[in-house]
>>> print(open('structure-v8.tsv').read())   # TSV, C-alpha atoms
chain	number	residue	atom	x	y	z
A	1	MET	CA	28.91	62.84	181.13
A	2	GLU	CA	31.50	62.60	178.39
A	3	LEU	CA	33.67	59.54	177.74
A	4	PHE	CA	36.73	60.26	175.60
A	5	VAL	CA	37.94	57.28	173.59
A	6	THR	CA	39.85	56.25	170.51
A	7	PRO	CA	38.17	53.62	168.31
A	8	ASN	CA	41.04	51.13	168.47
A	9	SER	CA	41.78	51.24	172.20
A	10	PRO	CA	40.84	48.04	174.08
A	11	TYR	CA	41.00	50.01	177.33
A	12	ALA	CA	38.46	52.54	176.05
A	13	ARG	CA	36.31	49.69	174.80
A	14	MET	CA	35.74	48.37	178.32
A	15	PRO	CA	33.70	51.35	179.60
A	16	ARG	CA	31.81	51.41	176.32
A	17	ILE	CA	30.72	47.83	177.04
A	18	VAL	CA	29.67	48.82	180.56
A	19	ILE	CA	27.64	51.73	179.18
A	20	LEU	CA	25.75	49.41	176.84
A	21	GLU	CA	25.24	46.72	179.49
A	22	LYS	CA	23.79	49.23	181.94
A	23	GLY	CA	21.76	51.22	179.44
A	24	LEU	CA	23.61	54.46	180.14
A	25	GLY	CA	23.65	55.65	176.54
A	26	ASP	CA	21.43	58.63	177.32
A	27	ARG	CA	23.70	59.73	180.16
A	28	VAL	CA	27.13	59.35	178.55
A	29	THR	CA	28.29	60.95	175.31
A	30	VAL	CA	31.16	59.06	173.68
A	31	VAL	CA	33.68	61.47	172.16
A	32	HIS	CA	36.53	60.42	169.85
A	33	ALA	CA	39.68	62.06	171.16
A	34	ARG	CA	42.58	63.15	168.99
A	35	THR	CA	45.64	61.63	170.65
A	36	ARG	CA	49.32	61.51	169.73
A	37	GLU	CA	48.93	64.78	167.84
A	38	ARG	CA	50.95	67.86	168.62
A	39	ASP	CA	48.79	70.58	170.24
A	40	SER	CA	45.65	68.43	170.14
A	41	PRO	CA	42.73	70.22	171.84
A	42	TYR	CA	42.16	67.02	173.81
A	43	TYR	CA	45.24	67.81	175.89
A	44	GLN	CA	43.36	70.78	177.36
A	45	ILE	CA	40.80	68.30	178.67
A	46	ASN	CA	43.19	65.54	179.74
A	47	PRO	CA	46.83	66.67	179.89
A	48	SER	CA	48.11	63.08	179.87
A	49	GLY	CA	46.49	62.52	176.47
A	50	ARG	CA	45.48	58.98	177.44
A	51	VAL	CA	42.15	57.28	176.90
A	52	PRO	CA	39.69	56.43	178.23
A	53	TYR	CA	38.88	59.59	180.17
A	54	LEU	CA	35.54	60.34	181.77
A	55	LEU	CA	34.21	63.80	182.60
A	56	THR	CA	31.46	63.34	185.14
A	57	ASP	CA	28.36	65.50	185.45
A	58	ASP	CA	30.01	67.53	188.19
A	59	GLY	CA	33.16	68.11	186.15
A	60	LEU	CA	35.36	65.50	187.81
A	61	GLY	CA	37.88	63.91	185.45
A	62	LEU	CA	38.57	60.19	185.78
A	63	GLU	CA	41.40	58.35	184.02
A	64	ASP	CA	42.03	54.58	184.06
A	65	SER	CA	39.65	52.04	182.57
A	66	ALA	CA	39.07	50.10	185.80
A	67	LEU	CA	38.24	53.27	187.74
A	68	ILE	CA	35.91	54.53	185.00
A	69	CYS	CA	34.12	51.17	184.75
A	70	ALA	CA	33.65	51.09	188.52
A	71	TYR	CA	32.25	54.63	188.51
A	72	LEU	CA	29.86	53.91	185.65
A	73	ASP	CA	28.76	50.71	187.33
A	74	GLN	CA	27.54	52.51	190.45
A	75	VAL	CA	26.31	55.79	188.94
A	76	ASP	CA	22.72	54.53	188.68
A	77	GLY	CA	22.76	52.96	192.14
A	78	LYS	CA	22.43	49.47	190.66
A	79	PRO	CA	25.93	48.01	190.41
A	80	MET	CA	26.27	44.93	188.19
A	81	PHE	CA	30.00	44.35	188.13
A	82	CYS	CA	31.20	45.01	191.68
A	83	ARG	CA	33.28	42.23	193.18
A	84	PRO	CA	31.69	40.04	195.85
A	85	ASP	CA	32.26	41.28	199.38
A	86	ASP	CA	33.13	37.94	200.93
A	87	GLU	CA	36.00	35.49	201.29
A	88	THR	CA	35.88	34.69	197.54
A	89	ALA	CA	36.51	38.30	196.49
A	90	TRP	CA	40.22	37.66	195.97
A	91	GLN	CA	39.39	34.97	193.40
A	92	SER	CA	37.49	37.49	191.29
A	93	GLN	CA	40.35	39.97	191.66
A	94	ARG	CA	42.86	37.26	190.66
A	95	LEU	CA	40.99	36.48	187.43
A	96	GLU	CA	40.60	40.15	186.57
A	97	ALA	CA	44.32	40.75	187.16
A	98	LEU	CA	45.20	37.73	185.00
A	99	ALA	CA	43.03	39.11	182.20
A	100	HIS	CA	44.68	42.54	182.54
A	101	SER	CA	48.10	40.89	182.26
A	102	LEU	CA	47.19	39.34	178.92
A	103	LEU	CA	45.64	42.59	177.70
A	104	ALA	CA	48.69	44.65	178.66
A	105	GLY	CA	51.04	42.43	176.66
A	106	LEU	CA	48.81	42.28	173.60
A	107	ALA	CA	48.32	46.05	173.70
A	108	VAL	CA	52.09	46.58	173.69
A	109	TRP	CA	52.42	44.17	170.75
A	110	THR	CA	49.65	45.93	168.85
A	111	ARG	CA	51.07	49.41	169.48
A	112	GLU	CA	54.44	48.20	168.22
A	113	GLY	CA	52.72	47.29	164.97
A	114	TYR	CA	51.51	50.88	164.55
A	115	ARG	CA	55.09	52.10	164.38
A	116	PRO	CA	56.88	52.41	161.01
A	117	GLU	CA	58.25	49.02	160.04
A	118	ASP	CA	61.87	50.11	160.37
A	119	GLU	CA	61.21	51.36	163.93
A	120	ARG	CA	59.54	48.20	165.28
A	121	SER	CA	61.38	46.09	167.82
A	122	PRO	CA	61.50	42.39	166.89
A	123	GLY	CA	62.57	41.68	170.47
A	124	ILE	CA	59.49	43.31	171.98
A	125	ILE	CA	57.19	41.58	169.50
A	126	GLU	CA	58.71	38.17	170.21
A	127	HIS	CA	58.55	38.76	173.96
A	128	GLU	CA	54.84	39.60	173.77
A	129	ARG	CA	54.16	36.70	171.39
A	130	GLU	CA	55.63	34.31	173.96
A	131	ARG	CA	53.75	35.99	176.81
A	132	CYS	CA	50.53	35.53	174.85
A	133	ARG	CA	51.32	31.86	174.28
A	134	ARG	CA	51.94	31.27	177.98
A	135	LEU	CA	48.95	33.22	179.28
A	136	SER	CA	46.51	31.84	176.73
A	137	GLY	CA	47.61	28.41	177.94
A	138	VAL	CA	46.76	29.42	181.50
A	139	TRP	CA	43.39	30.76	180.37
A	140	GLU	CA	42.61	27.51	178.55
A	141	ASN	CA	42.25	26.02	182.06
A	142	GLU	CA	40.99	29.08	183.95
A	143	ILE	CA	38.14	29.68	181.52
A	144	ASP	CA	36.18	26.83	183.15
A	145	ASP	CA	35.99	28.81	186.41
A	146	PRO	CA	32.30	29.52	187.21
A	147	ARG	CA	33.11	33.23	187.41
A	148	MET	CA	34.05	33.14	183.74
A	149	GLN	CA	31.02	31.08	182.71
A	150	GLY	CA	28.28	32.86	184.65
A	151	PRO	CA	26.86	36.41	184.47
A	152	LEU	CA	29.11	38.97	182.82
A	153	THR	CA	31.95	40.17	185.06
A	154	MET	CA	34.76	42.67	184.68
A	155	ALA	CA	37.20	39.78	184.31
A	156	GLN	CA	35.18	38.56	181.33
A	157	ILE	CA	35.06	42.05	179.82
A	158	VAL	CA	38.83	42.54	180.17
A	159	LEU	CA	39.57	39.11	178.74
A	160	ILE	CA	37.34	39.44	175.67
A	161	CYS	CA	38.82	42.88	174.94
A	162	ALA	CA	42.26	41.27	175.07
A	163	LEU	CA	41.45	38.25	172.93
A	164	GLN	CA	39.61	40.26	170.30
A	165	LEU	CA	42.71	42.32	169.62
A	166	GLU	CA	43.20	39.59	167.02
A	167	HIS	CA	40.85	41.78	164.93
A	168	THR	CA	43.25	44.73	165.21
A	169	ASN	CA	46.53	42.86	165.00
A	170	PRO	CA	46.29	39.86	162.63
A	171	ASP	CA	49.65	38.56	163.90
A	172	ILE	CA	48.02	37.74	167.23
A	173	ASP	CA	47.08	34.08	167.03
A	174	TRP	CA	46.17	32.72	170.44
A	175	ARG	CA	43.66	30.11	169.21
A	176	PRO	CA	45.84	27.05	168.29
A	177	ASP	CA	45.52	24.37	170.99
A	178	ARG	CA	43.07	26.57	172.94
A	179	PRO	CA	39.68	25.01	172.04
A	180	ARG	CA	37.86	25.86	175.29
A	181	LEU	CA	39.11	29.43	175.33
A	182	SER	CA	38.26	29.84	171.65
A	183	ASP	CA	34.75	28.48	172.20
A	184	TRP	CA	34.24	30.85	175.13
A	185	ALA	CA	35.37	33.85	173.10
A	186	ASP	CA	33.14	32.91	170.16
A	187	ARG	CA	30.11	32.53	172.43
A	188	LEU	CA	30.68	35.84	174.18
A	189	ALA	CA	31.23	37.56	170.83
A	190	GLY	CA	27.50	37.25	170.18
A	191	ARG	CA	26.55	39.34	173.19
A	192	PRO	CA	25.13	42.67	171.89
A	193	SER	CA	27.48	44.92	173.89
A	194	ILE	CA	30.49	42.90	172.74
A	195	SER	CA	29.48	42.69	169.08
A	196	ALA	CA	28.54	46.39	168.90
A	197	THR	CA	31.87	47.58	170.29
A	198	LEU	CA	33.79	45.10	168.14
A	199	ALA	CA	32.01	46.45	165.06
A	200	THR	CA	33.44	49.89	165.85
A	201	LEU	CA	36.91	48.36	166.11
A	202	ASP	CA	36.54	46.52	162.79
A	203	ALA	CA	35.16	49.62	161.06
A	204	HIS	CA	38.14	51.68	162.22
A	205	ARG	CA	40.58	49.03	160.99
A	206	ALA	CA	38.87	48.86	157.59
A	207	HIS	CA	38.98	52.64	157.28
>>> encode(input="structure-v8.tsv", output="structure tokens")
Amino acid sequence: MELFVTPNSPYARMPRIVILEKGLGDRVTVVHARTRERDSPYYQINPSGRVPYLLTDDGLGLEDSALICAYLDQVDGKPMFCRPDDETAWQSQRLEALAHSLLAGLAVWTREGYRPEDERSPGIIEHERERCRRLSGVWENEIDDPRMQGPLTMAQIVLICALQLEHTNPDIDWRPDRPRLSDWADRLAGRPSISATLATLDAHRAH
């Protein structure tokens, strides 16, 4: 299989974490796609030009990080991250959706920073700054949920990919008055799959 990514995409980082957690490195080749370039050869593979994008062994193309993570999770017949199939399933879905909400806003803020300075929207940046402040406040309480403290879940993966965008966008500062959330993020940062994929992010930023 081939997983097309860009080094700085938090959405592409999520399946890379799943690959490491499940030991699928010998089954999935990670390919750096050239996006946002006119006539990029990547567009012949994925016409939308978005990442991540997974080409399966049988040639099926999958787009969307959640879909790709779910596919990779079950490809070896030993799913680790599937949601519980009981009356508590909606709680896991709620936490994952809440993490995606934070990630979406921070991704918009970060992409705005990639634009030339005279083309950036102060209104968008301020809107996402305030969204981050509100949602990080929610997460300061939600982080004590057992689903966020136990074995690694997709909600945890999405949330750490969101919070660690502070490494890509230094203007993101969610830590003040968030001691429990900050402690959680620092503890999870030491997990090998998290630290390895963060190192790629940091290397790209330095370059």
>>> closest_atom_pairs(input="structure-v8.tsv", of="range 160-197 of chain A", to="range 120-131 of chain A", cutoff="9 Å", atoms="all atoms listed in the file", output="tab-separated table")
residue	atom	partner	partner_atom	distance
A:Asp171	CA	A:Arg129	CA	8.9
A:Ile172	CA	A:Arg129	CA	7.5
A:Asp173	CA	A:Arg129	CA	8.7
A:Trp174	CA	A:Arg129	CA	9.0
>>> write_last_selection(input="structure-v8.tsv", atoms="C-alpha atoms", output="short mmCIF file (atom, residue, chain, number, x, y, z; two decimals), in the coordinates of the input")
data_model
loop_
_atom_site.label_atom_id
_atom_site.label_comp_id
_atom_site.auth_asym_id
_atom_site.auth_seq_id
_atom_site.Cartn_x
_atom_site.Cartn_y
_atom_site.Cartn_z
CA ASP A 171 49.65 38.56 163.90
CA ILE A 172 48.02 37.74 167.23
CA ASP A 173 47.08 34.08 167.03
CA TRP A 174 46.17 32.72 170.44
#
>>> closest_residue(input="structure-v8.tsv", among="A:Met148, A:Ile157, A:Leu181, A:Ala33", to="Thr197 in chain A", atoms="only C-alpha atoms")
A:Ile157
>>> residues_around(input="structure-v8.tsv", residues="range 91-99 of chain A", least_positions_apart="4", cutoff="6 Å", atoms="all atoms listed in the file", output="PDB file with C-alpha atoms, in the coordinates of the input")
ATOM      1  CA  ALA A 155      37.200  39.780 184.310  1.00  0.00           C
ATOM      2  CA  VAL A 158      38.830  42.540 180.170  1.00  0.00           C
ATOM      3  CA  LEU A 159      39.570  39.110 178.740  1.00  0.00           C
TER       4      LEU A 159
END
>>> atom_distance(input="structure-v8.tsv", atom1="CA of Ala89 in chain A", atom2="CA of Arg147 in chain A")
10.9 Å
>>> residues_around(input="structure-v8.tsv", residues="Leu54 in chain A", least_positions_apart="3", cutoff="12 Å", atoms="only C-alpha atoms", output="ChimeraX atom specification")
/A:1-5,12,15-16,19,27-33,45-46,50-51,57-72
>>> closest_residue(input="structure-v8.tsv", among="A:Val138, A:Leu103, A:Ile194, A:Leu20", to="Leu165 in chain A", atoms="all atoms listed in the file")
A:Leu103
>>> atom_distance(input="structure-v8.tsv", atom1="CA of Arg111 in chain A", atom2="CA of Gln164 in chain A")
14.7 Å
>>> atom_distance(input="structure-v8.tsv", atom1="CA of Asp85 in chain A", atom2="CA of His100 in chain A")
21.0 Å
>>> build_atoms(input="structure-v8.tsv", residues="range 119-133 of chain A", atoms="N, CA and C atoms", output="tab-separated table (two decimals), in the frame of the given file")
chain	number	residue	atom	x	y	z
A	119	GLU	N	61.06	50.94	162.54
A	119	GLU	CA	61.21	51.36	163.93
A	119	GLU	C	60.66	50.31	164.90
A	120	ARG	N	60.09	49.23	164.40
A	120	ARG	CA	59.54	48.20	165.28
A	120	ARG	C	60.66	47.38	165.91
A	121	SER	N	60.39	46.90	167.12
A	121	SER	CA	61.38	46.09	167.82
A	121	SER	C	61.01	44.61	167.72
A	122	PRO	N	61.76	43.83	166.96
A	122	PRO	CA	61.50	42.39	166.89
A	122	PRO	C	61.57	41.73	168.27
A	123	GLY	N	62.44	42.25	169.13
A	123	GLY	CA	62.57	41.68	170.47
A	123	GLY	C	61.31	41.86	171.29
A	124	ILE	N	60.73	43.05	171.24
A	124	ILE	CA	59.49	43.31	171.98
A	124	ILE	C	58.37	42.44	171.43
A	125	ILE	N	58.26	42.37	170.11
A	125	ILE	CA	57.19	41.58	169.50
A	125	ILE	C	57.31	40.11	169.88
A	126	GLU	N	58.52	39.57	169.85
A	126	GLU	CA	58.71	38.17	170.21
A	126	GLU	C	58.42	37.93	171.69
A	127	HIS	N	58.82	38.88	172.53
A	127	HIS	CA	58.55	38.76	173.96
A	127	HIS	C	57.05	38.69	174.22
A	128	GLU	N	56.28	39.58	173.56
A	128	GLU	CA	54.84	39.60	173.77
A	128	GLU	C	54.16	38.40	173.11
A	129	ARG	N	54.70	37.91	172.02
A	129	ARG	CA	54.16	36.70	171.39
A	129	ARG	C	54.27	35.52	172.36
A	130	GLU	N	55.42	35.40	173.02
A	130	GLU	CA	55.63	34.31	173.96
A	130	GLU	C	54.78	34.49	175.21
A	131	ARG	N	54.62	35.73	175.67
A	131	ARG	CA	53.75	35.99	176.81
A	131	ARG	C	52.32	35.58	176.49
A	132	CYS	N	51.87	35.91	175.28
A	132	CYS	CA	50.53	35.53	174.85
A	132	CYS	C	50.38	34.01	174.82
A	133	ARG	N	51.39	33.32	174.33
A	133	ARG	CA	51.32	31.86	174.28
A	133	ARG	C	51.19	31.28	175.68
